file model_13.cif (mmCIF, C-alpha atoms and all ligand atoms)
data_protein
loop_
_atom_site.label_atom_id
_atom_site.label_comp_id
_atom_site.auth_asym_id
_atom_site.auth_seq_id
_atom_site.Cartn_x
_atom_site.Cartn_y
_atom_site.Cartn_z
CA MET A 1 0.00 0.00 0.00
CA ASN A 2 1.30 3.41 -1.02
CA ASP A 3 1.41 5.92 1.84
CA ARG A 4 1.49 8.90 -0.52
CA GLN A 5 -1.58 11.11 -0.67
CA VAL A 6 -3.97 10.96 -3.59
CA LEU A 7 -5.73 14.27 -4.15
CA VAL A 8 -9.41 14.36 -5.07
CA LEU A 9 -11.16 17.53 -6.19
CA ALA A 10 -14.33 17.48 -4.07
CA GLU A 11 -17.46 18.39 -5.99
CA HIS A 12 -20.14 19.91 -3.80
CA ALA A 13 -23.39 21.79 -4.18
CA ASP A 14 -25.91 23.20 -1.71
CA GLY A 15 -23.83 22.18 1.30
CA ALA A 16 -23.49 18.53 0.32
CA VAL A 17 -20.80 16.45 -1.34
CA ARG A 18 -21.71 15.12 -4.79
CA ARG A 19 -21.85 11.35 -5.18
CA VAL A 20 -19.02 11.26 -7.72
CA THR A 21 -16.67 12.57 -5.02
CA GLY A 22 -17.27 9.36 -3.02
CA GLU A 23 -16.38 7.36 -6.12
CA LEU A 24 -13.19 9.38 -6.57
CA LEU A 25 -12.23 8.86 -2.92
CA ALA A 26 -12.85 5.12 -3.35
CA ALA A 27 -10.56 5.16 -6.39
CA ALA A 28 -7.99 7.18 -4.43
CA SER A 29 -7.95 4.60 -1.64
CA ARG A 30 -6.69 2.02 -4.14
CA LEU A 31 -3.71 4.21 -4.95
CA GLY A 32 -2.71 5.69 -1.59
CA VAL A 33 -4.17 7.84 1.17
CA PRO A 34 -7.23 9.82 -0.01
CA ALA A 35 -7.19 13.59 0.52
CA ALA A 36 -9.99 15.90 -0.61
CA VAL A 37 -9.45 19.40 -1.98
CA VAL A 38 -12.40 21.71 -1.28
CA VAL A 39 -12.74 25.00 -3.14
CA GLY A 40 -15.40 27.30 -1.75
CA THR A 41 -16.35 30.28 0.35
CA PRO A 42 -15.04 30.49 3.96
CA GLY A 43 -16.37 27.68 6.17
CA THR A 44 -17.17 25.31 3.30
CA ALA A 45 -14.41 22.77 4.00
CA GLN A 46 -15.18 22.58 7.72
CA ALA A 47 -18.87 22.08 6.96
CA LEU A 48 -18.08 19.23 4.54
CA ALA A 49 -15.23 17.65 6.53
CA ALA A 50 -17.29 15.01 8.37
CA GLU A 51 -19.00 13.92 5.16
CA LEU A 52 -15.69 13.75 3.29
CA GLY A 53 -14.15 11.80 6.17
CA ALA A 54 -17.02 9.31 6.05
CA LEU A 55 -16.19 8.85 2.36
CA GLY A 56 -12.54 8.13 3.20
CA ALA A 57 -10.71 11.48 3.09
CA ALA A 58 -7.95 11.53 5.71
CA THR A 59 -7.09 15.15 4.91
CA VAL A 60 -9.25 17.99 3.64
CA TYR A 61 -7.33 20.79 1.96
CA ALA A 62 -9.38 23.98 2.21
CA VAL A 63 -8.96 26.62 -0.45
CA GLU A 64 -11.45 29.25 0.61
CA THR A 65 -12.16 32.75 -0.51
CA PRO A 66 -15.27 34.96 -0.54
CA GLU A 67 -14.61 35.19 -4.29
CA ALA A 68 -15.04 31.42 -4.89
CA GLY A 69 -17.19 30.97 -7.94
CA ALA A 70 -16.18 34.32 -9.40
CA THR A 71 -13.86 32.51 -11.77
CA LEU A 72 -14.64 29.43 -13.77
CA ILE A 73 -12.16 26.52 -13.66
CA THR A 74 -9.02 28.52 -12.93
CA GLY A 75 -9.76 28.69 -9.17
CA GLU A 76 -9.91 24.90 -8.99
CA VAL A 77 -6.74 24.53 -11.07
CA SER A 78 -4.82 26.89 -8.75
CA ALA A 79 -6.24 25.12 -5.68
CA LEU A 80 -5.13 21.71 -6.92
CA GLN A 81 -1.73 23.08 -7.84
CA ALA A 82 -1.32 24.41 -4.28
CA ALA A 83 -2.51 21.10 -2.82
CA VAL A 84 0.02 19.19 -4.93
CA THR A 85 2.76 21.35 -3.42
CA ALA A 86 1.36 20.91 0.10
CA ALA A 87 1.05 17.14 -0.29
CA GLY A 88 4.70 16.77 -1.25
CA GLU A 89 4.62 14.24 -4.01
CA PRO A 90 1.05 12.93 -4.28
CA ALA A 91 0.55 9.64 -6.11
CA ALA A 92 -2.10 11.21 -8.35
CA VAL A 93 -4.74 13.91 -8.68
CA LEU A 94 -8.26 12.70 -9.44
CA VAL A 95 -11.13 14.80 -10.81
CA ALA A 96 -14.54 13.81 -12.17
CA ALA A 97 -14.68 13.42 -15.96
CA THR A 98 -17.34 16.09 -16.34
CA PHE A 99 -17.10 19.03 -18.76
CA ASP A 100 -15.49 21.08 -15.96
CA GLY A 101 -13.32 18.23 -14.70
CA ARG A 102 -11.79 17.53 -18.09
CA GLU A 103 -10.92 21.18 -18.52
CA ILE A 104 -9.44 21.35 -15.02
CA ALA A 105 -7.41 18.15 -15.61
CA GLY A 106 -5.95 19.44 -18.85
CA ARG A 107 -5.01 22.84 -17.45
CA LEU A 108 -3.55 21.36 -14.25
CA ALA A 109 -1.42 18.89 -16.20
CA VAL A 110 0.00 21.76 -18.26
CA ARG A 111 0.82 23.74 -15.11
CA LEU A 112 2.44 20.72 -13.44
CA ASP A 113 4.13 19.58 -16.65
CA SER A 114 2.53 16.19 -15.99
CA GLY A 115 0.76 13.58 -18.05
CA VAL A 116 -3.05 13.57 -18.06
CA LEU A 117 -5.27 10.48 -18.36
CA THR A 118 -8.87 11.25 -19.28
CA ASP A 119 -12.19 9.48 -18.97
CA VAL A 120 -10.76 6.67 -16.88
CA VAL A 121 -12.95 3.72 -15.84
CA GLY A 122 -10.48 1.91 -13.55
CA VAL A 123 -7.38 2.62 -11.48
CA ALA A 124 -4.72 0.38 -9.91
CA LEU A 125 -1.36 0.68 -8.26
CA GLU A 126 1.30 -1.48 -9.90
CA GLY A 127 4.50 -1.25 -7.89
CA ASP A 128 4.71 2.46 -7.29
CA GLU A 129 2.95 3.39 -10.51
CA VAL A 130 -0.61 4.48 -11.09
CA VAL A 131 -2.10 2.51 -13.97
CA THR A 132 -5.50 3.46 -15.39
CA THR A 133 -8.00 1.70 -17.61
CA GLN A 134 -9.79 3.56 -20.36
CA ALA A 135 -12.49 2.54 -22.82
CA VAL A 136 -11.32 3.85 -26.20
CA LEU A 137 -12.43 3.99 -29.81
CA GLY A 138 -16.08 4.17 -28.94
CA GLY A 139 -15.63 1.61 -26.20
CA SER A 140 -14.39 -1.08 -28.61
CA TYR A 141 -11.21 -1.59 -26.58
CA GLN A 142 -10.13 -1.35 -22.98
CA THR A 143 -6.61 -0.02 -22.71
CA ARG A 144 -4.25 0.51 -19.77
CA TYR A 145 -2.11 3.59 -19.41
CA ARG A 146 0.38 5.26 -17.11
CA VAL A 147 1.93 8.68 -17.42
CA THR A 148 5.62 8.93 -18.18
CA ARG A 149 6.15 12.25 -16.46
CA GLY A 150 5.07 14.05 -13.30
CA VAL A 151 2.10 13.53 -10.98
CA PRO A 152 -0.62 11.70 -12.95
CA VAL A 153 -3.69 13.89 -13.42
CA VAL A 154 -6.66 11.61 -13.93
CA SER A 155 -10.27 12.35 -14.85
CA VAL A 156 -12.54 9.49 -13.76
CA ARG A 157 -15.88 8.66 -15.35
CA GLY A 158 -18.90 8.78 -13.01
CA ASN A 159 -20.38 5.41 -11.93
CA ALA A 160 -17.25 3.60 -13.12
CA ILE A 161 -15.66 2.96 -9.71
CA GLU A 162 -17.39 0.65 -7.26
CA GLY A 163 -16.78 0.09 -3.56
CA ALA A 164 -15.92 2.60 -0.89
CA ALA A 165 -12.89 3.84 1.00
CA THR A 166 -12.50 3.18 4.72
CA PRO A 167 -14.19 6.02 6.66
CA VAL A 168 -12.02 8.45 8.64
CA ALA A 169 -13.60 9.79 11.84
CA GLU A 170 -11.96 13.20 11.97
CA PRO A 171 -10.09 14.24 8.87
CA ALA A 172 -7.47 16.95 9.28
CA VAL A 173 -8.59 20.22 7.71
CA VAL A 174 -5.58 22.02 6.24
CA PRO A 175 -6.14 25.58 4.99
CA LEU A 176 -4.16 26.58 1.90
CA GLN A 177 -3.50 30.13 0.76
CA VAL A 178 -3.89 30.61 -2.98
CA ALA A 179 -3.28 34.03 -4.44
CA ALA A 180 -6.05 35.24 -6.75
CA ASP A 181 -5.02 35.26 -10.39
CA PRO A 182 -5.76 38.80 -11.64
CA THR A 183 -5.61 37.58 -15.25
CA ALA A 184 -8.29 34.88 -14.78
CA PRO A 185 -11.53 35.62 -16.65
CA ARG A 186 -14.18 36.70 -14.18
CA VAL A 187 -17.78 35.60 -14.22
CA LEU A 188 -20.23 38.49 -14.24
CA GLU A 189 -23.32 36.40 -13.69
CA THR A 190 -24.02 32.70 -13.25
CA VAL A 191 -27.33 31.26 -14.38
CA PRO A 192 -27.46 27.55 -13.57
CA GLU A 193 -29.41 25.39 -16.00
CA GLU A 194 -32.75 24.22 -14.64
CA ALA A 195 -31.94 20.77 -13.28
CA GLY A 196 -35.51 19.78 -12.37
CA ASP A 197 -36.13 16.76 -10.17
CA ARG A 198 -34.23 14.28 -12.30
CA PRO A 199 -30.75 13.10 -11.35
CA GLU A 200 -27.74 14.67 -13.01
CA LEU A 201 -27.07 12.97 -16.35
CA GLY A 202 -23.38 12.19 -15.77
CA ALA A 203 -23.98 10.63 -12.35
CA ALA A 204 -27.38 8.95 -12.82
CA LYS A 205 -27.76 5.22 -12.13
CA VAL A 206 -30.38 4.98 -14.88
CA VAL A 207 -30.38 6.92 -18.15
CA VAL A 208 -33.15 6.77 -20.75
CA SER A 209 -32.11 8.40 -24.01
CA GLY A 210 -34.06 9.29 -27.11
CA GLY A 211 -32.76 9.59 -30.65
CA ARG A 212 -33.95 10.84 -34.00
CA GLY A 213 -36.52 8.03 -33.91
CA VAL A 214 -38.45 10.00 -31.27
CA GLY A 215 -39.40 12.28 -34.14
CA SER A 216 -40.15 15.60 -32.39
CA ALA A 217 -39.70 17.66 -29.24
CA ASP A 218 -43.32 17.00 -28.30
CA ASN A 219 -42.79 13.25 -28.49
CA PHE A 220 -39.90 13.37 -26.03
CA HIS A 221 -42.39 13.06 -23.15
CA VAL A 222 -42.36 9.32 -23.94
CA VAL A 223 -38.66 9.23 -23.04
CA GLU A 224 -39.19 11.41 -19.97
CA GLU A 225 -42.04 9.29 -18.65
CA LEU A 226 -39.98 6.10 -18.78
CA ALA A 227 -37.03 7.89 -17.16
CA ASP A 228 -39.29 9.16 -14.37
CA VAL A 229 -40.74 5.74 -13.61
CA LEU A 230 -37.17 4.46 -13.24
CA GLY A 231 -35.98 7.52 -11.29
CA GLY A 232 -33.46 8.13 -14.07
CA ALA A 233 -32.00 10.95 -16.11
CA VAL A 234 -32.99 11.77 -19.69
CA GLY A 235 -30.38 11.75 -22.45
CA ALA A 236 -30.47 12.39 -26.18
CA SER A 237 -28.46 11.53 -29.25
CA ARG A 238 -26.82 14.30 -31.21
CA ALA A 239 -29.29 13.85 -34.04
CA ALA A 240 -32.13 14.45 -31.55
CA VAL A 241 -30.34 17.52 -30.16
CA ASP A 242 -29.47 18.91 -33.60
CA SER A 243 -33.07 18.44 -34.66
CA GLY A 244 -34.17 20.57 -31.70
CA TYR A 245 -35.96 17.73 -29.90
CA TYR A 246 -34.02 18.13 -26.65
CA PRO A 247 -31.50 20.64 -25.19
CA HIS A 248 -27.81 20.22 -25.87
CA GLN A 249 -26.78 19.71 -22.24
CA PHE A 250 -28.49 16.31 -22.38
CA GLN A 251 -26.50 15.02 -25.36
CA VAL A 252 -24.76 11.71 -24.72
CA GLY A 253 -21.68 10.81 -26.70
CA GLN A 254 -18.29 11.83 -27.91
CA THR A 255 -19.20 15.49 -28.06
CA GLY A 256 -21.66 15.35 -25.19
CA THR A 257 -21.76 13.84 -21.71
CA THR A 258 -20.16 10.48 -20.99
CA VAL A 259 -22.41 8.24 -18.92
CA SER A 260 -21.83 4.88 -17.29
CA PRO A 261 -25.09 4.04 -15.49
CA GLN A 262 -26.28 0.68 -14.20
CA LEU A 263 -28.99 0.78 -16.87
CA TYR A 264 -28.99 2.65 -20.20
CA ILE A 265 -32.13 2.52 -22.35
CA ALA A 266 -31.74 3.75 -25.94
CA LEU A 267 -35.03 4.61 -27.64
CA GLY A 268 -34.88 5.19 -31.41
CA ILE A 269 -31.08 5.50 -31.46
CA SER A 270 -29.13 3.75 -34.22
CA GLY A 271 -25.90 3.33 -32.22
CA ALA A 272 -23.35 5.38 -34.17
CA ILE A 273 -19.80 5.11 -32.86
CA GLN A 274 -19.87 8.70 -31.58
CA HIS A 275 -22.96 7.88 -29.50
CA ARG A 276 -21.48 4.63 -28.20
CA ALA A 277 -18.36 6.49 -27.09
CA GLY A 278 -20.46 8.16 -24.42
CA MET A 279 -22.45 5.19 -23.12
CA GLN A 280 -20.76 1.91 -24.00
CA THR A 281 -19.46 1.31 -20.48
CA SER A 282 -23.02 1.29 -19.10
CA LYS A 283 -23.52 -1.90 -17.07
CA THR A 284 -26.73 -3.00 -18.85
CA ILE A 285 -27.81 -1.60 -22.21
CA VAL A 286 -31.36 -1.98 -23.48
CA ALA A 287 -32.21 -0.86 -27.02
CA VAL A 288 -35.58 -0.29 -28.61
CA ASN A 289 -35.41 0.20 -32.37
CA LYS A 290 -37.72 -0.72 -35.21
CA ASP A 291 -34.77 -1.70 -37.42
CA ALA A 292 -33.54 -5.17 -36.44
CA ASP A 293 -30.17 -4.42 -38.08
CA ALA A 294 -29.48 -1.22 -36.14
CA PRO A 295 -25.85 -1.21 -34.88
CA ILE A 296 -27.02 -0.46 -31.32
CA TYR A 297 -27.91 -4.16 -31.04
CA GLU A 298 -24.20 -5.05 -31.30
CA ILE A 299 -23.69 -3.67 -27.80
CA ALA A 300 -27.15 -4.13 -26.30
CA ASP A 301 -27.62 -6.68 -23.52
CA LEU A 302 -31.31 -6.71 -24.33
CA GLY A 303 -32.88 -5.59 -27.59
CA VAL A 304 -36.52 -5.03 -28.42
CA VAL A 305 -37.27 -4.73 -32.13
CA GLY A 306 -40.33 -2.55 -32.24
CA ASP A 307 -41.85 0.89 -32.24
CA LEU A 308 -40.65 2.94 -29.29
CA PHE A 309 -44.07 4.58 -29.02
CA THR A 310 -45.55 1.17 -28.25
CA VAL A 311 -42.72 -0.37 -26.25
CA ALA A 312 -41.71 2.54 -23.96
CA PRO A 313 -45.23 3.33 -22.64
CA GLN A 314 -45.90 -0.39 -22.12
CA LEU A 315 -42.66 -0.75 -20.20
CA ALA A 316 -43.45 2.33 -18.09
CA ALA A 317 -46.96 1.01 -17.36
CA ALA A 318 -45.63 -2.45 -16.43
CA LEU A 319 -43.06 -0.95 -14.07
CA LYS A 320 -45.71 1.24 -12.45
CA ALA A 321 -48.07 -1.74 -12.07
CA ARG A 322 -45.32 -3.85 -10.52
CA ARG A 323 -44.72 -1.16 -7.93
CA GLY A 324 -48.44 -1.09 -7.16
C1 LIG B 1 -17.43 14.55 -34.82
C2 LIG B 1 -18.78 13.95 -34.51
C3 LIG B 1 -19.19 13.92 -33.19
C4 LIG B 1 -20.43 13.36 -32.88
N1 LIG B 1 -20.82 13.31 -31.56
C5 LIG B 1 -21.97 12.68 -31.24
C6 LIG B 1 -22.38 12.57 -29.88
O1 LIG B 1 -21.75 13.07 -28.95
N2 LIG B 1 -23.53 11.91 -29.62
C7 LIG B 1 -24.29 11.35 -30.60
O2 LIG B 1 -25.34 10.76 -30.28
N3 LIG B 1 -23.92 11.45 -31.89
C8 LIG B 1 -22.80 12.13 -32.22
N4 LIG B 1 -22.48 12.26 -33.54
C9 LIG B 1 -23.48 11.88 -34.56
C10 LIG B 1 -23.53 10.41 -34.87
O3 LIG B 1 -22.61 10.12 -35.91
C11 LIG B 1 -24.94 10.03 -35.36
O4 LIG B 1 -25.29 10.82 -36.46
C12 LIG B 1 -26.02 10.19 -34.29
O5 LIG B 1 -25.63 9.54 -33.10
C13 LIG B 1 -27.29 9.56 -34.79
O6 LIG B 1 -28.32 9.77 -33.87
P1 LIG B 1 -29.58 8.81 -33.83
O7 LIG B 1 -29.15 7.42 -33.58
O8 LIG B 1 -30.57 9.41 -32.91
O9 LIG B 1 -30.19 8.98 -35.30
P2 LIG B 1 -30.23 7.98 -36.51
O10 LIG B 1 -28.89 7.44 -36.83
O11 LIG B 1 -30.99 8.66 -37.58
O12 LIG B 1 -31.09 6.76 -35.94
C14 LIG B 1 -32.43 6.84 -35.61
C15 LIG B 1 -32.87 5.44 -35.27
O13 LIG B 1 -34.20 5.47 -34.81
C16 LIG B 1 -34.85 4.32 -35.28
N5 LIG B 1 -36.29 4.61 -35.26
C17 LIG B 1 -36.98 5.51 -36.04
N6 LIG B 1 -38.28 5.55 -35.65
C18 LIG B 1 -38.41 4.67 -34.63
C19 LIG B 1 -39.50 4.27 -33.81
N7 LIG B 1 -40.71 4.80 -33.95
N8 LIG B 1 -39.28 3.31 -32.87
C20 LIG B 1 -38.06 2.76 -32.71
N9 LIG B 1 -36.98 3.10 -33.45
C21 LIG B 1 -37.16 4.06 -34.39
C22 LIG B 1 -34.29 4.08 -36.67
O14 LIG B 1 -34.43 2.72 -37.06
C23 LIG B 1 -32.82 4.48 -36.45
O15 LIG B 1 -32.02 3.36 -36.10
C24 LIG B 1 -21.25 12.82 -33.90
C25 LIG B 1 -20.81 12.84 -35.20
C26 LIG B 1 -19.59 13.41 -35.51
C27 LIG B 1 -19.15 13.41 -36.95
#

call {"tool": "encode", "arguments": {"input": "model_13.cif", "output": "structure tokens", "more": "lines below"}}
Ligand SMILES: Cc1cc2nc3c(=O)[nH]c(=O)nc-3n(C[C@H](O)[C@H](O)[C@H](O)COP(=O)(O)OP(=O)(O)OC[C@H]3O[C@@H](n4cnc5c(N)ncnc54)[C@H](O)[C@@H]3O)c2cc1C
result
Amino acid sequence: MNDRQVLVLAEHADGAVRRVTGELLAAASRLGVPAAVVVGTPGTAQALAAELGALGAATVYAVETPEAGATLITGEVSALQAAVTAAGEPAAVLVAATFDGREIAGRLAVRLDSGVLTDVVGVALEGDEVVTTQAVLGGSYQTRYRVTRGVPVVSVRGNAIEGAATPVAEPAVVPLQVAADPTAPRVLETVPEEAGDRPELGAAKVVVSGGRGVGSADNFHVVEELADVLGGAVGASRAAVDSGYYPHQFQVGQTGTTVSPQLYIALGISGAIQHRAGMQTSKTIVAVNKDADAPIYEIADLGVVGDLFTVAPQLAAALKARRG
């Protein structure tokens, strides 16, 4: 077991730690001693310390300023850079493979002159080296990588890491001073997208996605209803997004969000390689398509050849009936 620290950028919102942070701390525990890095306004790290300890963080680095949130991305990059210095030589830095996380990972690796490993689905320690597993070329291959230089900066796909780190009763909270970067672009106003009651797409355990086969924005309620019965998130193919059926932030795939839920249901999606790239590591894939030769069936665990407007409502009704 490596006794070096492994830094995890803690994602938090509304006073609570996001689930993906627990997954990152679990991954960190396989590589060394987990340490969380919290970026926020004064008091944030102390308020989250017990929760982060329960998820396995032995140390909580606190980078706090009343200005937190006034810059996008660069605050987190500077915070992680300071934590790397404070930790001595950490075994790795882990961030979530979200839109933000990927950007942070890339920028941090440049600042540290380190290698970056993106969209990782597994981590292991081999000797003293961090080795990651990635699903590449649309998920057709699983490959293993290590960096050849510096502290590995790793972005980890949500839902990819199972298990949990050993809880720590009272993690040490270590404040870090990070000078504000006067050149960083400043945010004038932040307008969060309406999230609604559904789980966040990148972290959801169940995702129900609709493609061009859904046919219109009005028809997308069929996808939403099935997602709601399953307590899942709604996704969309790029063709559905480009056709204006569903907003862009719900696009799954190479140029959208990468998802790895327990269950992925594809309704009216052909299964192009760029779509697969964002969902192929889902644990169970169910496809509904009226074309029996659609490529999505090559990766589906269960395929239903039929009209989604018949199958999806029937499935939703059956699930509701089963729950009484
Ligand atoms: C650089 C690049 C990046 C890209 N990035 C992405 C990305 O991030 N995500 C992404 O999704 N795509 C991406 N694409 C686009 C991708 O190549 C495909 O064009 C897209 O995924 C197709 O979407 P689709 O399956 O919904 O549509 P189509 O390929 O048109 O498939 C629609 C499917 O619906 C079925 N169908 C029609 N009616 C019904 C019905 N009533 N019931 C059941 N089935 C029905 C049809 O049989 C068909 O298989 C990218 C492409 C490029 C070049």

call {"tool": "closest_residue", "arguments": {"input": "model_13.cif", "among": "A:Gln262, A:Ser114, A:Ser237, A:Gln249", "to": "ligand LIG 1 (chain B)", "atoms": "all atoms listed in the file"}}
result
A:Ser237

call {"tool": "closest_residue", "arguments": {"input": "model_13.cif", "among": "A:Ala203, A:Ala36, A:Ala266, A:Ala227", "to": "A:Pro313", "atoms": "only C-alpha atoms"}}
result
A:Ala227

call {"tool": "closest_atom_pairs", "arguments": {"input": "model_13.cif", "of": "chain A", "to": "ligand LIG 1 (chain B)", "cutoff": "8 Å", "atoms": "all atoms listed in the file", "output": "Markdown table"}}
result
| residue | atom | partner | partner_atom | distance |
| --- | --- | --- | --- | --- |
| A:Gly210 | CA | B:LIG1 | O8 | 6.8 |
| A:Gly211 | CA | B:LIG1 | O8 | 3.2 |
| A:Arg212 | CA | B:LIG1 | O8 | 3.8 |
| A:Gly213 | CA | B:LIG1 | C17 | 3.3 |
| A:Val214 | CA | B:LIG1 | N6 | 6.2 |
| A:Gly215 | CA | B:LIG1 | N6 | 7.0 |
| A:Ala236 | CA | B:LIG1 | O2 | 6.8 |
| A:Ser237 | CA | B:LIG1 | O2 | 3.4 |
| A:Arg238 | CA | B:LIG1 | C7 | 3.9 |
| A:Ala239 | CA | B:LIG1 | O6 | 4.2 |
| A:Ala240 | CA | B:LIG1 | O8 | 5.4 |
| A:Gln251 | CA | B:LIG1 | N2 | 6.1 |
| A:Val252 | CA | B:LIG1 | N2 | 5.1 |
| A:Gly253 | CA | B:LIG1 | O1 | 3.2 |
| A:Gln254 | CA | B:LIG1 | O1 | 3.8 |
| A:Thr255 | CA | B:LIG1 | O1 | 3.6 |
| A:Gly256 | CA | B:LIG1 | O1 | 4.4 |
| A:Thr257 | CA | B:LIG1 | O1 | 7.3 |
| A:Leu267 | CA | B:LIG1 | C20 | 6.2 |
| A:Gly268 | CA | B:LIG1 | O13 | 3.5 |
| A:Ile269 | CA | B:LIG1 | O7 | 3.5 |
| A:Ser270 | CA | B:LIG1 | O15 | 3.5 |
| A:Gly271 | CA | B:LIG1 | O7 | 5.4 |
| A:Ala272 | CA | B:LIG1 | O5 | 4.9 |
| A:Ile273 | CA | B:LIG1 | O3 | 6.5 |
| A:Gln274 | CA | B:LIG1 | C5 | 4.5 |
| A:His275 | CA | B:LIG1 | O2 | 3.8 |
| A:Arg276 | CA | B:LIG1 | O2 | 7.5 |
| A:Ala277 | CA | B:LIG1 | O1 | 7.6 |
| A:Gly278 | CA | B:LIG1 | O1 | 6.8 |
| A:Val288 | CA | B:LIG1 | C20 | 5.7 |
| A:Asn289 | CA | B:LIG1 | N9 | 3.5 |
| A:Lys290 | CA | B:LIG1 | N9 | 4.3 |
| A:Asp291 | CA | B:LIG1 | O14 | 4.4 |
| A:Ala292 | CA | B:LIG1 | O14 | 8.0 |
| A:Ala294 | CA | B:LIG1 | O15 | 5.2 |
| A:Pro295 | CA | B:LIG1 | O15 | 7.8 |
| A:Ile296 | CA | B:LIG1 | O15 | 7.9 |
| A:Val305 | CA | B:LIG1 | C20 | 7.6 |
| A:Gly306 | CA | B:LIG1 | C20 | 5.8 |
| A:Asp307 | CA | B:LIG1 | N8 | 3.6 |
| A:Leu308 | CA | B:LIG1 | N8 | 3.9 |
| A:Phe309 | CA | B:LIG1 | N7 | 6.0 |

call {"tool": "atom_distance", "arguments": {"input": "model_13.cif", "atom1": "atom CA of A:Ala10", "atom2": "atom CA of A:Met279"}}
result
24.1 Å

call {"tool": "residues_near_point", "arguments": {"input": "model_13.cif", "point": "(-16.4, 24.6, -16.8)", "cutoff": "6 Å", "atoms": "only C-alpha atoms", "output": "mmCIF file with C-alpha atoms, keeping the file's coordinate frame"}}
result
data_model
loop_
_atom_site.group_PDB
_atom_site.id
_atom_site.type_symbol
_atom_site.label_atom_id
_atom_site.label_comp_id
_atom_site.auth_asym_id
_atom_site.auth_seq_id
_atom_site.Cartn_x
_atom_site.Cartn_y
_atom_site.Cartn_z
ATOM 1 C CA LEU A 72 -14.640 29.430 -13.770
ATOM 2 C CA ILE A 73 -12.160 26.520 -13.660
ATOM 3 C CA PHE A 99 -17.100 19.030 -18.760
ATOM 4 C CA ASP A 100 -15.490 21.080 -15.960
#

call {"tool": "closest_residue", "arguments": {"input": "model_13.cif", "among": "A:Gln81, A:Thr281, A:Thr148, A:Asn219", "to": "A:Arg107", "atoms": "all atoms listed in the file"}}
result
A:Gln81

call {"tool": "closest_residue", "arguments": {"input": "model_13.cif", "among": "A:Leu9, A:Val33, A:Val60, A:Val121", "to": "A:Gly101", "atoms": "all atoms listed in the file"}}
result
A:Leu9

call {"tool": "closest_atom_pairs", "arguments": {"input": "model_13.cif", "of": "stretch 151-220 of chain A", "to": "stretch 41-52 of chain A", "cutoff": "10 Å", "atoms": "all atoms listed in the file", "output": "JSON lines"}}
result
{"residue": "A:Pro167", "atom": "CA", "partner": "A:Leu52", "partner_atom": "CA", "distance": 8.6}
{"residue": "A:Val168", "atom": "CA", "partner": "A:Leu52", "partner_atom": "CA", "distance": 8.4}
{"residue": "A:Ala169", "atom": "CA", "partner": "A:Ala50", "partner_atom": "CA", "distance": 7.3}
{"residue": "A:Glu170", "atom": "CA", "partner": "A:Ala50", "partner_atom": "CA", "distance": 6.7}
{"residue": "A:Pro171", "atom": "CA", "partner": "A:Ala49", "partner_atom": "CA", "distance": 6.6}
{"residue": "A:Ala172", "atom": "CA", "partner": "A:Ala49", "partner_atom": "CA", "distance": 8.3}
{"residue": "A:Val173", "atom": "CA", "partner": "A:Gln46", "partner_atom": "CA", "distance": 7.0}
{"residue": "A:Val174", "atom": "CA", "partner": "A:Ala45", "partner_atom": "CA", "distance": 9.1}
{"residue": "A:Pro175", "atom": "CA", "partner": "A:Ala45", "partner_atom": "CA", "distance": 8.8}

call {"tool": "write_last_selection", "arguments": {"input": "model_13.cif", "atoms": "C-alpha atoms", "output": "tab-separated table (two decimals), in the coordinates of the input"}}
result
chain	number	residue	atom	x	y	z
A	167	PRO	CA	-14.19	6.02	6.66
A	168	VAL	CA	-12.02	8.45	8.64
A	169	ALA	CA	-13.60	9.79	11.84
A	170	GLU	CA	-11.96	13.20	11.97
A	171	PRO	CA	-10.09	14.24	8.87
A	172	ALA	CA	-7.47	16.95	9.28
A	173	VAL	CA	-8.59	20.22	7.71
A	174	VAL	CA	-5.58	22.02	6.24
A	175	PRO	CA	-6.14	25.58	4.99

call {"tool": "atom_distance", "arguments": {"input": "model_13.cif", "atom1": "atom CA of A:Val123", "atom2": "atom CA of A:Asp301"}}
result
25.3 Å
